[in-house]
$ cat start.csv   # CSV, C-alpha atoms (C1' of nucleotides)
chain,number,residue,atom,x,y,z
E,1,MET,CA,10.6,85.2,14.9
E,2,GLN,CA,10.0,82.0,16.8
E,3,ASP,CA,10.6,78.8,14.9
E,4,LEU,CA,8.5,75.8,14.8
E,5,ASP,CA,9.7,72.3,14.0
E,6,ILE,CA,7.8,70.1,11.6
E,7,ALA,CA,5.9,68.3,14.3
E,8,GLN,CA,4.6,71.5,15.8
E,9,VAL,CA,3.6,72.8,12.4
E,10,SER,CA,1.8,69.5,11.7
E,11,ARG,CA,0.0,69.6,15.0
E,12,GLN,CA,-1.0,73.2,14.8
E,13,SER,CA,-2.1,73.1,11.2
E,14,GLY,CA,-3.5,69.5,11.1
E,15,VAL,CA,-1.4,68.9,8.0
E,16,PRO,CA,0.6,65.6,8.1
E,17,ALA,CA,4.3,65.9,8.2
E,18,SER,CA,4.5,63.9,4.9
E,19,THR,CA,2.4,66.6,3.3
E,20,LEU,CA,4.5,69.3,4.7
E,21,ARG,CA,7.6,67.7,3.1
E,22,PHE,CA,5.7,67.3,-0.1
E,23,TYR,CA,4.6,70.9,-0.1
E,24,GLU,CA,8.1,72.0,0.5
E,25,GLU,CA,9.4,69.9,-2.3
E,26,LYS,CA,6.8,71.5,-4.6
E,27,GLY,CA,8.0,75.0,-3.4
E,28,LEU,CA,4.7,75.9,-1.7
E,29,ILE,CA,6.3,76.4,1.7
E,30,ALA,CA,9.8,76.8,2.8
E,31,SER,CA,11.7,75.7,5.8
E,32,HIS,CA,14.6,78.0,6.8
E,33,GLY,CA,17.0,75.7,8.4
E,34,ARG,CA,17.4,72.5,10.4
E,35,HIS,CA,17.8,71.5,14.0
E,36,GLY,CA,19.8,68.4,13.4
E,37,LEU,CA,17.8,66.8,10.7
E,38,ARG,CA,14.6,68.5,11.6
E,39,ARG,CA,13.2,71.2,9.5
E,40,GLN,CA,12.5,74.5,11.2
E,41,TYR,CA,9.7,76.6,10.0
E,42,SER,CA,8.9,80.2,10.8
E,43,ALA,CA,5.4,80.8,12.3
E,44,SER,CA,4.3,82.4,9.1
E,45,VAL,CA,4.1,79.0,7.5
E,46,LEU,CA,0.8,78.5,9.3
E,47,GLU,CA,-0.7,81.3,7.4
E,48,ARG,CA,0.7,80.0,4.2
E,49,LEU,CA,-0.9,76.6,4.9
E,50,SER,CA,-4.2,78.3,5.4
E,51,LEU,CA,-3.9,80.0,2.1
E,52,ILE,CA,-3.1,76.7,0.5
E,53,ALA,CA,-6.2,75.1,2.1
E,54,LEU,CA,-8.3,78.0,0.9
E,55,GLY,CA,-7.0,77.7,-2.6
E,56,ARG,CA,-7.6,74.0,-2.6
E,57,ALA,CA,-11.1,74.4,-1.3
E,58,ALA,CA,-11.8,76.9,-4.0
E,59,GLY,CA,-10.7,74.4,-6.6
E,60,PHE,CA,-7.2,75.6,-7.4
E,61,SER,CA,-4.6,73.0,-8.1
E,62,LEU,CA,-1.4,73.0,-6.1
E,63,ASP,CA,0.4,74.2,-9.2
E,64,GLU,CA,-2.0,77.2,-9.6
E,65,ILE,CA,-1.5,78.0,-5.9
E,66,GLY,CA,2.2,77.9,-6.4
E,67,LEU,CA,2.0,80.4,-9.2
E,68,MET,CA,0.1,82.8,-7.0
E,69,PHE,CA,2.8,83.2,-4.5
E,70,ALA,CA,5.6,82.6,-6.8
E,71,GLU,CA,6.8,86.0,-8.1
E,72,GLY,CA,7.0,89.3,-6.4
E,73,GLY,CA,7.2,88.5,-2.8
E,74,ARG,CA,3.8,88.8,-1.0
E,75,PRO,CA,1.0,86.7,-2.2
E,76,ARG,CA,0.0,88.1,-5.5
E,77,ILE,CA,-3.5,87.0,-5.6
E,78,ASP,CA,-5.0,88.2,-8.8
E,79,ARG,CA,-8.5,89.5,-8.4
E,80,GLN,CA,-9.4,88.5,-11.9
E,81,LEU,CA,-8.3,85.0,-11.2
E,82,LEU,CA,-10.5,84.9,-8.2
E,83,ALA,CA,-13.5,86.2,-10.2
E,84,ASP,CA,-12.8,83.6,-12.9
E,85,LYS,CA,-12.7,80.8,-10.3
E,86,ALA,CA,-15.9,82.1,-8.7
E,87,GLU,CA,-17.6,81.9,-12.1
E,88,GLU,CA,-16.3,78.4,-12.7
E,89,LEU,CA,-17.5,77.4,-9.3
E,90,ASP,CA,-20.9,79.0,-10.1
E,91,ARG,CA,-21.3,76.9,-13.3
E,92,THR,CA,-20.4,73.8,-11.4
E,93,ILE,CA,-22.9,74.7,-8.7
E,94,ARG,CA,-25.7,75.1,-11.3
E,95,ARG,CA,-25.0,71.7,-12.7
E,96,MET,CA,-25.0,70.2,-9.3
E,97,ILE,CA,-28.2,71.8,-8.3
E,98,ALA,CA,-29.9,70.4,-11.4
E,99,MET,CA,-28.5,67.0,-10.5
E,100,ARG,CA,-29.5,67.2,-6.9
E,101,ASN,CA,-33.1,68.1,-7.9
E,102,GLY,CA,-33.3,65.3,-10.4
E,103,LEU,CA,-32.0,62.8,-7.8
E,104,ARG,CA,-34.5,64.0,-5.2
E,105,HIS,CA,-37.3,63.6,-7.7
E,106,ALA,CA,-36.2,60.2,-8.8
E,107,ALA,CA,-36.0,59.1,-5.2
E,108,VAL,CA,-39.7,59.9,-4.6
E,109,CYS,CA,-41.0,59.5,-8.1
E,110,PRO,CA,-44.2,57.5,-8.1
E,111,ALA,CA,-43.7,56.1,-11.6
E,112,PRO,CA,-43.4,52.3,-11.4
E,113,SER,CA,-40.0,52.4,-13.0
E,114,HIS,CA,-37.5,55.2,-13.6
E,115,SER,CA,-37.8,54.5,-17.3
E,116,GLU,CA,-41.3,55.8,-17.2
E,117,CYS,CA,-40.6,59.0,-15.3
E,118,PRO,CA,-40.3,62.1,-17.4
E,119,THR,CA,-38.0,63.8,-15.0
E,120,PHE,CA,-35.7,60.9,-14.9
E,121,GLN,CA,-35.8,60.8,-18.7
E,122,ARG,CA,-34.9,64.4,-18.9
E,123,LEU,CA,-32.0,63.9,-16.5
E,124,LEU,CA,-30.8,61.0,-18.5
E,125,ARG,CA,-30.8,63.0,-21.7
E,126,ALA,CA,-28.9,65.9,-20.0
E,127,ALA,CA,-26.3,63.5,-18.6
E,128,SER,CA,-25.7,61.7,-21.8
E,129,SER,CA,-25.4,64.8,-23.8
E,130,GLY,CA,-22.5,65.8,-21.6
E,131,ARG,CA,-24.4,68.8,-20.2
E,132,MET,CA,-23.8,67.5,-16.7
E,133,GLY,CA,-20.0,67.2,-16.9
E,134,THR,CA,-18.0,65.1,-14.6
E,135,PRO,CA,-18.8,65.4,-11.0
E,136,PRO,CA,-17.3,66.6,-7.7
E,137,LYS,CA,-15.3,64.3,-5.6
E,138,THR,CA,-16.6,65.0,-2.2
E,139,GLY,CA,-13.2,65.4,-0.5
E,140,ARG,CA,-11.3,63.0,1.5
F,141,MET,CA,-32.9,43.8,-32.3
F,142,GLN,CA,-30.4,45.5,-34.5
F,143,ASP,CA,-26.8,45.3,-33.6
F,144,LEU,CA,-24.3,48.0,-33.5
F,145,ASP,CA,-20.6,47.6,-33.8
F,146,ILE,CA,-18.3,49.4,-31.4
F,147,ALA,CA,-17.6,52.3,-33.8
F,148,GLN,CA,-21.3,53.0,-34.2
F,149,VAL,CA,-21.9,52.9,-30.5
F,150,SER,CA,-18.9,55.2,-30.0
F,151,ARG,CA,-20.2,57.6,-32.6
F,152,GLN,CA,-23.8,57.6,-31.4
F,153,SER,CA,-22.9,57.9,-27.7
F,154,GLY,CA,-19.8,60.1,-27.9
F,155,VAL,CA,-18.0,57.6,-25.7
F,156,PRO,CA,-14.5,56.6,-27.0
F,157,ALA,CA,-14.1,53.0,-28.1
F,158,SER,CA,-11.4,52.6,-25.5
F,159,THR,CA,-13.8,53.5,-22.8
F,160,LEU,CA,-16.4,51.1,-24.2
F,161,ARG,CA,-13.9,48.3,-23.9
F,162,PHE,CA,-13.0,49.5,-20.5
F,163,TYR,CA,-16.6,49.5,-19.4
F,164,GLU,CA,-17.1,46.1,-20.8
F,165,GLU,CA,-14.2,44.8,-18.9
F,166,LYS,CA,-15.6,46.3,-15.7
F,167,GLY,CA,-18.9,44.6,-16.4
F,168,LEU,CA,-20.9,47.8,-16.9
F,169,ILE,CA,-21.9,47.0,-20.4
F,170,ALA,CA,-22.0,43.8,-22.4
F,171,SER,CA,-21.3,43.0,-26.0
F,172,HIS,CA,-23.2,39.9,-27.2
F,173,GLY,CA,-21.0,38.6,-29.9
F,174,ARG,CA,-18.4,39.5,-32.5
F,175,HIS,CA,-18.3,40.1,-36.2
F,176,GLY,CA,-14.8,38.9,-36.8
F,177,LEU,CA,-13.0,40.6,-34.0
F,178,ARG,CA,-15.5,43.4,-33.6
F,179,ARG,CA,-17.8,43.6,-30.7
F,180,GLN,CA,-21.5,43.7,-31.5
F,181,TYR,CA,-23.7,45.6,-29.1
F,182,SER,CA,-27.4,45.6,-29.0
F,183,ALA,CA,-29.0,49.1,-29.3
F,184,SER,CA,-29.9,49.0,-25.6
F,185,VAL,CA,-26.3,49.7,-24.8
F,186,LEU,CA,-27.0,53.3,-25.6
F,187,GLU,CA,-29.5,53.6,-22.8
F,188,ARG,CA,-27.1,51.8,-20.5
F,189,LEU,CA,-24.4,54.4,-21.4
F,190,SER,CA,-26.8,57.2,-20.6
F,191,LEU,CA,-27.5,55.7,-17.2
F,192,ILE,CA,-23.8,55.4,-16.6
F,193,ALA,CA,-23.3,59.1,-17.6
F,194,LEU,CA,-26.1,60.0,-15.3
F,195,GLY,CA,-24.6,58.1,-12.5
F,196,ARG,CA,-21.2,59.7,-13.0
F,197,ALA,CA,-22.7,63.1,-13.2
F,198,ALA,CA,-24.5,62.5,-9.9
F,199,GLY,CA,-21.2,61.5,-8.3
F,200,PHE,CA,-21.5,57.8,-8.3
F,201,SER,CA,-18.3,55.8,-8.9
F,202,LEU,CA,-18.2,53.2,-11.7
F,203,ASP,CA,-18.2,50.5,-9.0
F,204,GLU,CA,-21.4,51.9,-7.4
F,205,ILE,CA,-23.0,52.1,-10.8
F,206,GLY,CA,-22.0,48.6,-11.5
F,207,LEU,CA,-23.7,47.5,-8.3
F,208,MET,CA,-26.9,49.2,-9.3
F,209,PHE,CA,-27.4,47.1,-12.3
F,210,ALA,CA,-25.7,44.0,-11.1
F,211,GLU,CA,-28.3,41.8,-9.4
F,212,GLY,CA,-31.8,41.1,-10.4
F,213,GLY,CA,-32.0,42.0,-14.0
F,214,ARG,CA,-33.5,45.4,-14.6
F,215,PRO,CA,-31.6,48.4,-13.2
F,216,ARG,CA,-32.3,48.1,-9.5
F,217,ILE,CA,-31.9,51.8,-8.6
F,218,ASP,CA,-32.4,52.1,-4.9
F,219,ARG,CA,-34.4,55.2,-4.0
F,220,GLN,CA,-32.7,55.5,-0.7
F,221,LEU,CA,-29.4,55.5,-2.4
F,222,LEU,CA,-30.6,58.3,-4.7
F,223,ALA,CA,-31.8,60.3,-1.7
F,224,ASP,CA,-28.5,59.8,0.1
F,225,LYS,CA,-26.6,61.0,-2.9
F,226,ALA,CA,-28.8,64.0,-3.3
F,227,GLU,CA,-28.1,64.9,0.3
F,228,GLU,CA,-24.4,64.5,-0.2
F,229,LEU,CA,-24.6,66.7,-3.3
F,230,ASP,CA,-26.5,69.2,-1.3
F,231,ARG,CA,-23.9,69.5,1.4
F,232,THR,CA,-21.2,69.9,-1.3
F,233,ILE,CA,-23.3,72.6,-3.0
F,234,ARG,CA,-23.6,74.5,0.3
F,235,ARG,CA,-19.8,74.5,0.7
F,236,MET,CA,-19.3,75.6,-2.8
F,237,ILE,CA,-21.7,78.4,-2.5
F,238,ALA,CA,-19.9,79.7,0.5
F,239,MET,CA,-16.7,79.5,-1.4
F,240,ARG,CA,-18.0,81.2,-4.5
F,241,ASN,CA,-19.4,84.1,-2.4
F,242,GLY,CA,-16.1,84.4,-0.6
F,243,LEU,CA,-14.2,84.4,-3.9
F,244,ARG,CA,-16.5,87.0,-5.4
F,245,HIS,CA,-16.1,89.2,-2.5
F,246,ALA,CA,-12.3,88.8,-2.4
F,247,ALA,CA,-12.3,89.7,-6.1
F,248,VAL,CA,-13.8,93.1,-5.5
F,249,CYS,CA,-12.8,93.7,-2.0
F,250,PRO,CA,-11.6,97.3,-1.5
F,251,ALA,CA,-9.1,96.4,1.3
F,252,PRO,CA,-5.5,97.2,0.1
F,253,SER,CA,-4.5,93.6,0.7
F,254,HIS,CA,-6.5,90.5,1.3
F,255,SER,CA,-4.9,90.1,4.6
F,256,GLU,CA,-6.8,93.2,5.8
F,257,CYS,CA,-10.2,92.0,4.5
F,258,PRO,CA,-12.4,90.5,7.1
F,259,THR,CA,-14.3,88.4,4.6
F,260,PHE,CA,-11.1,86.9,3.3
F,261,GLN,CA,-9.9,86.2,6.8
F,262,ARG,CA,-13.2,84.4,7.5
F,263,LEU,CA,-12.8,82.3,4.5
F,264,LEU,CA,-9.2,81.6,5.4
F,265,ARG,CA,-10.2,80.3,8.8
F,266,ALA,CA,-13.0,78.2,7.4
F,267,ALA,CA,-10.7,76.6,4.9
F,268,SER,CA,-7.9,75.9,7.3
F,269,SER,CA,-10.3,74.4,9.8
F,270,GLY,CA,-11.2,71.8,7.1
F,271,ARG,CA,-14.7,73.1,7.0
F,272,MET,CA,-14.5,73.6,3.3
F,273,GLY,CA,-13.4,70.1,2.4
F,274,THR,CA,-11.6,69.1,-0.8
F,275,PRO,CA,-13.1,70.6,-3.9
F,276,PRO,CA,-14.9,69.5,-7.0
F,277,LYS,CA,-12.9,68.7,-10.1
F,278,THR,CA,-14.7,70.4,-12.8
F,279,GLY,CA,-14.8,67.5,-15.2
F,280,ARG,CA,-12.9,67.0,-18.3
I,281,DG,C1',-5.4,37.1,-53.4
I,282,DT,C1',-3.7,40.8,-51.4
I,283,DG,C1',-3.5,45.0,-49.0
I,284,DC,C1',-5.7,48.2,-46.0
I,285,DC,C1',-7.2,49.6,-41.9
I,286,DA,C1',-10.3,49.5,-38.2
I,287,DC,C1',-10.6,46.7,-35.0
I,288,DT,C1',-8.4,43.4,-31.3
I,289,DT,C1',-5.5,42.2,-26.7
I,290,DC,C1',-2.6,43.2,-23.0
I,291,DA,C1',0.5,45.8,-20.5
I,292,DA,C1',1.8,50.0,-19.1
I,293,DG,C1',1.2,55.0,-18.7
I,294,DT,C1',-1.3,59.3,-17.0
I,295,DC,C1',-2.9,62.7,-13.6
I,296,DA,C1',-3.2,64.8,-8.8
I,297,DA,C1',-2.1,64.8,-4.4
I,298,DC,C1',-0.4,62.5,-1.4
I,299,DT,C1',1.1,58.2,1.5
I,300,DT,C1',4.0,54.3,2.5
I,301,DG,C1',8.2,51.8,3.2
I,302,DA,C1',13.0,50.8,3.7
I,303,DG,C1',17.0,52.1,5.5
I,304,DG,C1',19.6,56.0,7.7
I,305,DT,C1',20.7,59.9,11.1
I,306,DC,C1',20.9,62.7,15.1
I,307,DA,C1',19.7,65.1,19.6
I,308,DA,C1',18.3,64.1,24.0
I,309,DG,C1',17.5,61.3,28.0
I,310,DT,C1',19.3,57.7,31.2
J,311,DA,C1',28.1,55.7,26.0
J,312,DC,C1',24.1,53.9,24.5
J,313,DT,C1',19.4,53.6,23.4
J,314,DT,C1',15.4,55.6,21.8
J,315,DG,C1',12.4,57.5,18.7
J,316,DA,C1',11.2,61.2,15.9
J,317,DC,C1',12.8,62.9,12.1
J,318,DC,C1',15.3,62.3,7.5
J,319,DT,C1',15.7,60.8,2.1
J,320,DC,C1',14.4,58.6,-2.0
J,321,DA,C1',11.7,55.5,-4.5
J,322,DA,C1',7.6,53.4,-5.1
J,323,DG,C1',2.7,52.7,-4.3
J,324,DT,C1',-2.3,54.4,-4.2
J,325,DT,C1',-6.9,55.6,-6.3
J,326,DG,C1',-10.2,56.2,-10.2
J,327,DA,C1',-11.1,56.5,-14.7
J,328,DC,C1',-9.3,56.1,-18.4
J,329,DT,C1',-5.7,56.5,-22.5
J,330,DT,C1',-1.8,55.0,-25.1
J,331,DG,C1',1.3,51.9,-27.5
J,332,DA,C1',2.9,47.7,-29.5
J,333,DA,C1',1.9,43.9,-31.9
J,334,DG,C1',-1.7,41.0,-34.0
J,335,DT,C1',-6.1,39.8,-36.8
J,336,DG,C1',-9.7,39.6,-40.0
J,337,DG,C1',-13.5,41.5,-43.2
J,338,DC,C1',-13.9,43.8,-47.3
J,339,DA,C1',-12.7,46.5,-51.6
J,340,DC,C1',-10.0,45.9,-55.4
$ encode --input "start.csv" --output "structure tokens"
Amino acid sequence: MQDLDIAQVSRQSGVPASTLRFYEEKGLIASHGRHGLRRQYSASVLERLSLIALGRAAGFSLDEIGLMFAEGGRPRIDRQLLADKAEELDRTIRRMIAMRNGLRHAAVCPAPSHSECPTFQRLLRAASSGRMGTPPKTGR
Amino acid sequence: MQDLDIAQVSRQSGVPASTLRFYEEKGLIASHGRHGLRRQYSASVLERLSLIALGRAAGFSLDEIGLMFAEGGRPRIDRQLLADKAEELDRTIRRMIAMRNGLRHAAVCPAPSHSECPTFQRLLRAASSGRMGTPPKTGR
DNA sequence: GTGCCACTTCAAGTCAACTTGAGGTCAAGT
DNA sequence: ACTTGACCTCAAGTTGACTTGAAGTGGCAC
């Protein structure tokens, strides 16, 4: 197995070195030695980083991701967990679609003021009742 | 106009008093006097809070929301801004749908391991290429 | 008039996922 | 041998939207 130093991993994965160190500290990846000071990673770390990126994109926290490949060697990705996350994502998507439609309407609504537009009013009520939840943060 | 004290506003809006104070400090709402120490709000603050909730649900930051009803008296909600936000939301929705579908597949995928499932592999590549972005935080 | 208790202020803490900065080390090139 | 520069560690800072805690105040019921 060919080793990569941190700069190579960073370059090939696009993940900053500071993040690699951070992930290592969190136990998400492991370096298996040093060349001088420099961490050496085995090539498989790249796959690991992809998995982490995937998990993050799916809405898992770093801690959750850590749990997935914690015990039992190979990534123990629980299918139930995936299904649950898919459901959660689906609920979020529904809310966001409602929101998007409302916004689109409001953007073209002919009513002189939003306070006279029924669609806007409906949105307003939905939002203040908490039905809309707290929103996505369109990532970095 | 009948006044409400902070406890009444909190109860009727569901927004914690600490948050009301925080919003006031940020200039998002205004109290127009005190009864002893207690802030007095006019009833219109409830509508204001709905607008804030709506804005948050749509993905606006508190600062952005502040700008909307900053200048010029009545809520100056820019239609272009709404349309832009709707577009942004839409892009996010697309990513999330791809993610959800991928997760659903992975959850039922018959391949012995995810590393042998083409769909999973595809997702993995998408995620690590950054195409998936950073995810929604399904609100509190 | 006195005690209660919900309110007040202000500073600091929280959370997640990193980033930044200061000060140090080491392998490699000249 | 010496310089260079990319790496190292460890602590602290960042962002956004709040929450929490300590210490103080004042209206109202008794």
$ interface_residues --input "start.csv" --of "chain J" --to "chain E" --cutoff "12 Å" --atoms "all atoms listed in the file" --output "list in words"
DA316, DC317, DC318, DT319, DT325, DG326 and DA327 of chain J
$ atom_distance --input "start.csv" --atom1 "atom CA of Gln40 of chain E" --atom2 "atom CA of Arg262 of chain F"
27.8 Å
$ interface_residues --input "start.csv" --of "chain F" --to "chain E" --cutoff "7 Å" --atoms "all atoms listed in the file" --output "JSON, numbers by chain"
{"F": [190, 191, 193, 194, 196, 197, 198, 199, 219, 220, 222, 223, 226, 229, 230, 232, 233, 236, 239, 240, 243, 244, 247, 264, 267, 268, 272, 273, 274, 275, 276, 277, 278, 279, 280]}
$ atom_distance --input "start.csv" --atom1 "atom CA of Asp143 of chain F" --atom2 "atom CA of Leu160 of chain F"
15.2 Å
$ closest_residue --input "start.csv" --among "E:Lys26, E:His32, E:Arg11, E:Arg48" --to "chain I" --atoms "only C-alpha atoms (C1' of nucleotides)"
E:Lys26
$ residues_around --input "start.csv" --residues "DA302 of chain I" --least-positions-apart "2" --cutoff "10 Å" --atoms "all atoms listed in the file" --output "list in words"
DT300 and DG304 of chain I; DC320 and DA321 of chain J
$ interface_residues --input "start.csv" --of "chain I" --to "chain F" --cutoff "12 Å" --atoms "all atoms listed in the file" --output "VMD selection string"
chain I and resid 286 to 289 295 to 297
$ atom_distance --input "start.csv" --atom1 "atom CA of Tyr23 of chain E" --atom2 "atom C1' of DA322 of chain J"
18.4 Å
$ residues_around --input "start.csv" --residues "DT330 of chain J" --least-positions-apart "2" --cutoff "10 Å" --atoms "all atoms listed in the file" --output "PDB file with C-alpha atoms (C1' of nucleotides), in the frame of the given file"
ATOM      1  CA  SER F 158     -11.400  52.600 -25.500  1.00  0.00           C
TER       2      SER F 158
ATOM      3  C1'  DA I 292       1.800  50.000 -19.100  1.00  0.00           C
ATOM      4  C1'  DG I 293       1.200  55.000 -18.700  1.00  0.00           C
ATOM      5  C1'  DT I 294      -1.300  59.300 -17.000  1.00  0.00           C
TER       6       DT I 294
ATOM      7  C1'  DA J 332       2.900  47.700 -29.500  1.00  0.00           C
TER       8       DA J 332
END
